[in-house]
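These notes are about the structure you will find just below.
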Amino acid sequence: MTIDEMAGSVSPWLTGQAGHGESVISTRVRLARNLAGLPFCHSAKPEDLTHALDRIRDAVMSTNTLKTGTYMVMSELSDLDREFLVERHLISQEQAEKSGVRAVVVGDNEMVSVMINEEDHLRLQSIQPGFQSMEAWRLVDRVDSDLDTRLEFAFSCDWGYLSACPTNTGTGMRASMLVHLPALVLTGQVNRVLQGISQMGLAVRGFYGEGSEVMGNLFQISNRTALGTSEVDILQSLDNVVRKVLEMENQGREILLRDARSQIEDKIWRAYGLLKYARRLTSQEVMSLSSAVRLGKCMGIVDRVSIGALNRMLFVSQPAHLQKRLGRRMSPGERDEERANMVRSILEEEESRTGAG
């Protein structure tokens, strides 16, 4: 699948139909691996990186899961294409920005991908819709096991899988869930909750992961370290914490309905009205407004739009997605106009489907 074909479709993990899909956008499990006998990427020579890329590409494209995947070299992609892959959560910002011998392999349905020569020689990842940590783990573990028969990974009996980043040494696993927590924000409880998450050994990041800001009340919750514990224990800890956070989010929604129903309904319908009638929208505005509408959907206040449509709106309104979908470069002002047109189109389609409007 080419990037142009991706731009014309919606990732399967944005359906919103999996467990807790109204509050958990997606679950991702990523594994960091390095090849034995080669320097890590930050200290490798160009010829080392080329050697690693060639070996990894051949191995990855031989696996049952990725043999029909799409192989892309970063240096051969435009800036817009690389930014599109970042927005799609298929590569990191570091992979997009750094020069050198770097590539990515994306599976046919985008639920599995492999970054080559990012911080580590390999970054395998699986993304699943909703609350599905074990399913994401099983899928990426299958690829990892397949690659283990074709490549020799850097491994220590004392330390486990070796990584350029100490926090990834051990299992090499980073498991995360992208969670929507508007009620905790509106009731002023979110800082206390985030502090509690940190004390339990987990990290909270923004929409695009490490180093990114929180937007649209979307928080990425993940394990902080991978050493001294098993993959199953990491996943179980993440599951337990996210379930508890969702309980507190639901309690926050009940408080809003009990103590401030008129105000919260006004906020939600104002947001819906702006999305439906605005002629210019920034991507940040879409994230903020769609967050309010999503809250309304979860609270039974809005019934004319699906969670899947809100997920789609969130992603296709991003700058690179918008430009790739329309097939041309645009100024920020042009993007704001086209973004508003696209959002209106999605809402009109949803209202037609539900008989609302």
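Numbering starts fresh at 1 for the residues of each chain in the structure tokens, the chains themselves are lettered A, B, ... in the order given, and ligands are numbered from 1 as they appear.
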Proximity of region 219-296 of chain A to region 301-321 of chain A: per-residue shortest pair, 12 Å limit, only C-alpha atoms, as CSV:
residue,atom,partner,partner_atom,distance
A:Arg253,CA,A:Ile301,CA,11.7
A:Leu257,CA,A:Ile301,CA,10.1
A:Arg261,CA,A:Ile301,CA,10.0
A:Ser262,CA,A:Ile301,CA,11.1
A:Ile264,CA,A:Ile301,CA,9.6
A:Glu265,CA,A:Ile301,CA,7.2
A:Asp266,CA,A:Ile301,CA,10.4
A:Lys267,CA,A:Ile301,CA,11.1
A:Ile268,CA,A:Ile301,CA,8.2
A:Trp269,CA,A:Val302,CA,8.2
A:Arg270,CA,A:Val302,CA,11.8
A:Ala271,CA,A:Val302,CA,11.2
A:Tyr272,CA,A:Val302,CA,9.0
A:Gly273,CA,A:Val302,CA,11.8
A:Leu275,CA,A:Met313,CA,10.3
A:Lys276,CA,A:Val305,CA,11.5
A:Arg280,CA,A:Ser317,CA,11.8
A:Leu281,CA,A:Ser317,CA,9.2
A:Thr282,CA,A:Ser317,CA,8.5
A:Ser283,CA,A:Gln318,CA,5.7
A:Gln284,CA,A:Gln318,CA,8.8
A:Glu285,CA,A:Ser317,CA,10.1
A:Val286,CA,A:Leu314,CA,6.9
A:Met287,CA,A:Leu314,CA,6.1
A:Ser288,CA,A:Leu314,CA,9.7
A:Leu289,CA,A:Leu314,CA,10.0
A:Ser290,CA,A:Leu310,CA,6.6
A:Ser291,CA,A:Leu310,CA,8.6
A:Ala292,CA,A:Val302,CA,10.2
A:Val293,CA,A:Val302,CA,7.1
A:Arg294,CA,A:Ile307,CA,7.0
A:Leu295,CA,A:Ile301,CA,8.4
A:Gly296,CA,A:Ile301,CA,4.8
Can you pull out the residues contacting Gly8 (chain A)? Cut-off 10 Å, using only C-alpha atoms, and skip same-chain residues under 2 positions away; I want them as a PDB file with C-alpha atoms, in the first residue's frame.
ATOM      1  CA  ILE A   3       1.256   6.507   1.076  1.00  0.00           C
ATOM      2  CA  ASP A   4      -1.274   7.935  -1.381  1.00  0.00           C
ATOM      3  CA  GLU A   5      -3.437   4.838  -0.893  1.00  0.00           C
ATOM      4  CA  MET A   6      -3.098   5.168   2.893  1.00  0.00           C
ATOM      5  CA  VAL A  10      -8.800   5.000   7.324  1.00  0.00           C
ATOM      6  CA  SER A  11      -6.583   2.875   9.572  1.00  0.00           C
ATOM      7  CA  VAL A 316      -7.793  13.155   8.546  1.00  0.00           C
ATOM      8  CA  HIS A 321      -3.203  13.972   6.095  1.00  0.00           C
ATOM      9  CA  LYS A 324      -2.064  14.169   1.012  1.00  0.00           C
ATOM     10  CA  ARG A 325      -5.788  13.469   0.815  1.00  0.00           C
ATOM     11  CA  LEU A 326      -6.386  16.522  -1.396  1.00  0.00           C
TER      12      LEU A 326
END
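Nearest residue to Leu49 (chain A), choosing from A:Asn341, A:Asn240, A:Asn117, A:Ser23 and counting only C-alpha atoms: A:Asn117.
For the set A:Arg205, A:Met74, A:Leu147, A:Leu85, the residue with the smallest atom-to-atom gap to Phe219 (chain A) is A:Arg205, counting only C-alpha atoms.
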Exercise. Show which residues sit within 10 Å of Ile116 (chain A), as number ranges by chain. Count only C-alpha atoms, and ignore same-chain residues fewer than 5 positions away.
Key: A: 33-34, 41, 49, 52-54, 56-57, 73-74, 91, 95, 101-105, 121-124
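Nearest residue to Trp137 (chain A) among A:Ala18, A:Val112, A:Ala340, A:Ala183 is A:Val112, counting only C-alpha atoms.
Among the candidates A:Leu227, A:Phe207, A:Leu184, A:Gln128, the one nearest to Ser156 (chain A) when counting only C-alpha atoms is A:Leu227.
Nearest residue to Ser9 (chain A) among A:Glu110, A:Glu76, A:Asp233, A:Asp58 is A:Glu110, counting only C-alpha atoms.
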Quiz prompt | DSSP alpha helix (DSSP H) selection over region 48-289 of chain A, as a ChimeraX atom specification | solution = /A:48-60,79-87,93-97,133-148,182-186,190-199,231-259,261-277,283-289
Export of prior selection with C-alpha atoms as a CSV table (one decimal), in the first residue's frame:
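Writing done, so here's result.csv:
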chain,number,residue,atom,x,y,z
A,48,ASP,CA,27.1,-0.2,9.6
A,49,LEU,CA,23.6,1.2,9.2
A,50,THR,CA,23.4,0.1,5.6
A,51,HIS,CA,24.5,-3.4,6.6
A,52,ALA,CA,21.8,-3.4,9.3
A,53,LEU,CA,19.1,-2.1,7.0
A,54,ASP,CA,19.9,-4.7,4.3
A,55,ARG,CA,19.8,-7.6,6.8
A,56,ILE,CA,16.7,-6.4,8.6
A,57,ARG,CA,14.8,-5.6,5.3
A,58,ASP,CA,15.4,-9.0,3.9
A,59,ALA,CA,14.4,-10.7,7.2
A,60,VAL,CA,11.3,-8.6,7.7
A,79,ASP,CA,9.0,15.9,4.0
A,80,LEU,CA,5.2,15.7,3.6
A,81,ASP,CA,5.2,11.9,3.3
A,82,ARG,CA,7.4,11.5,6.3
A,83,GLU,CA,5.1,13.9,8.4
A,84,PHE,CA,2.1,11.9,7.2
A,85,LEU,CA,3.7,8.7,8.6
A,86,VAL,CA,4.3,10.5,11.9
A,87,GLU,CA,0.6,11.6,12.0
A,93,GLN,CA,9.3,12.2,14.8
A,94,GLU,CA,12.9,11.3,15.2
A,95,GLN,CA,12.7,8.8,12.4
A,96,ALA,CA,11.1,11.5,10.2
A,97,GLU,CA,13.6,14.2,11.0
A,133,SER,CA,-3.1,-5.0,25.0
A,134,MET,CA,-2.8,-8.8,24.8
A,135,GLU,CA,-3.9,-8.9,21.1
A,136,ALA,CA,-1.3,-6.2,20.3
A,137,TRP,CA,1.3,-8.2,22.1
A,138,ARG,CA,0.4,-11.5,20.4
A,139,LEU,CA,0.7,-9.9,17.0
A,140,VAL,CA,4.0,-8.2,17.6
A,141,ASP,CA,5.4,-11.2,19.4
A,142,ARG,CA,4.6,-13.4,16.4
A,143,VAL,CA,6.8,-11.1,14.2
A,144,ASP,CA,9.5,-11.0,16.8
A,145,SER,CA,9.6,-14.8,17.0
A,146,ASP,CA,9.7,-15.0,13.2
A,147,LEU,CA,12.6,-12.5,13.0
A,148,ASP,CA,14.5,-14.3,15.8
A,182,PRO,CA,-12.0,15.0,29.4
A,183,ALA,CA,-14.0,14.7,32.6
A,184,LEU,CA,-10.9,14.4,34.8
A,185,VAL,CA,-9.6,17.6,33.1
A,186,LEU,CA,-12.9,19.5,33.5
A,190,VAL,CA,-6.4,15.1,36.2
A,191,ASN,CA,-3.1,16.3,37.8
A,192,ARG,CA,-3.7,14.1,40.9
A,193,VAL,CA,-4.5,11.1,38.7
A,194,LEU,CA,-1.4,11.6,36.5
A,195,GLN,CA,0.7,11.9,39.6
A,196,GLY,CA,-0.7,8.6,40.8
A,197,ILE,CA,0.0,7.0,37.5
A,198,SER,CA,3.7,8.2,37.8
A,199,GLN,CA,4.0,6.8,41.3
A,231,GLU,CA,6.1,-8.8,29.1
A,232,VAL,CA,2.9,-10.2,30.6
A,233,ASP,CA,3.5,-8.3,33.9
A,234,ILE,CA,4.0,-5.1,32.0
A,235,LEU,CA,0.8,-5.6,30.1
A,236,GLN,CA,-1.1,-6.5,33.3
A,237,SER,CA,0.2,-3.5,35.1
A,238,LEU,CA,-0.9,-1.2,32.2
A,239,ASP,CA,-4.3,-2.9,32.0
A,240,ASN,CA,-4.9,-2.5,35.7
A,241,VAL,CA,-3.9,1.2,35.8
A,242,VAL,CA,-5.9,2.1,32.7
A,243,ARG,CA,-9.0,0.4,34.1
A,244,LYS,CA,-8.7,2.3,37.3
A,245,VAL,CA,-8.2,5.6,35.4
A,246,LEU,CA,-11.3,4.8,33.3
A,247,GLU,CA,-13.3,4.2,36.5
A,248,MET,CA,-12.3,7.7,37.7
A,249,GLU,CA,-13.1,9.2,34.3
A,250,ASN,CA,-16.6,7.7,34.5
A,251,GLN,CA,-17.0,9.0,38.0
A,252,GLY,CA,-16.0,12.5,36.8
A,253,ARG,CA,-18.6,12.3,34.0
A,254,GLU,CA,-21.3,11.4,36.6
A,255,ILE,CA,-20.2,14.5,38.7
A,256,LEU,CA,-20.5,16.7,35.6
A,257,LEU,CA,-24.0,15.4,34.9
A,258,ARG,CA,-25.1,15.8,38.5
A,259,ASP,CA,-23.6,19.1,39.3
A,261,ARG,CA,-25.4,19.3,33.4
A,262,SER,CA,-26.6,22.6,31.8
A,263,GLN,CA,-23.0,23.9,31.5
A,264,ILE,CA,-21.6,20.7,30.1
A,265,GLU,CA,-24.4,20.3,27.6
A,266,ASP,CA,-23.8,23.9,26.4
A,267,LYS,CA,-20.1,23.2,26.0
A,268,ILE,CA,-20.8,20.0,24.0
A,269,TRP,CA,-23.4,21.5,21.7
A,270,ARG,CA,-21.4,24.7,21.1
A,271,ALA,CA,-18.5,22.4,20.1
A,272,TYR,CA,-20.7,20.5,17.8
A,273,GLY,CA,-22.1,23.7,16.3
A,274,LEU,CA,-18.6,25.0,15.6
A,275,LEU,CA,-17.5,21.8,13.9
A,276,LYS,CA,-20.7,21.7,11.8
A,277,TYR,CA,-20.8,25.4,10.7
A,283,SER,CA,-6.1,21.1,13.6
A,284,GLN,CA,-5.9,22.0,17.3
A,285,GLU,CA,-9.4,23.4,17.2
A,286,VAL,CA,-10.7,20.1,15.7
A,287,MET,CA,-8.9,18.1,18.4
A,288,SER,CA,-10.4,20.3,21.2
A,289,LEU,CA,-13.9,20.5,19.7
Practice problem: Enumerate, as a PyMOL selection string, the complete set of residues in region 13-175 of chain A that a backbone-based DSSP assignment places in strand (DSSP E or B). | Solution: chain A and resi 24-33+35+70-73+103-106+112-116+122-129+153+155-156+160-161+170+173-175
Self-check item: Distance in Å - CA of Cys298 (chain A) versus CA of Thr15 (chain A)
Solution: 15.3 Å
Quiz item: Do you know which residues are at most 7 Å from Arg174 (chain A) counting only C-alpha atoms, after dropping those on the same chain fewer than 4 positions away, and could you put them as a PyMOL selection string?
Solution: chain A and resi 29-31+222-223
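From CA of Gln220 (chain A) back to CA of Phe131 (chain A), the distance works out to 12.6 Å.
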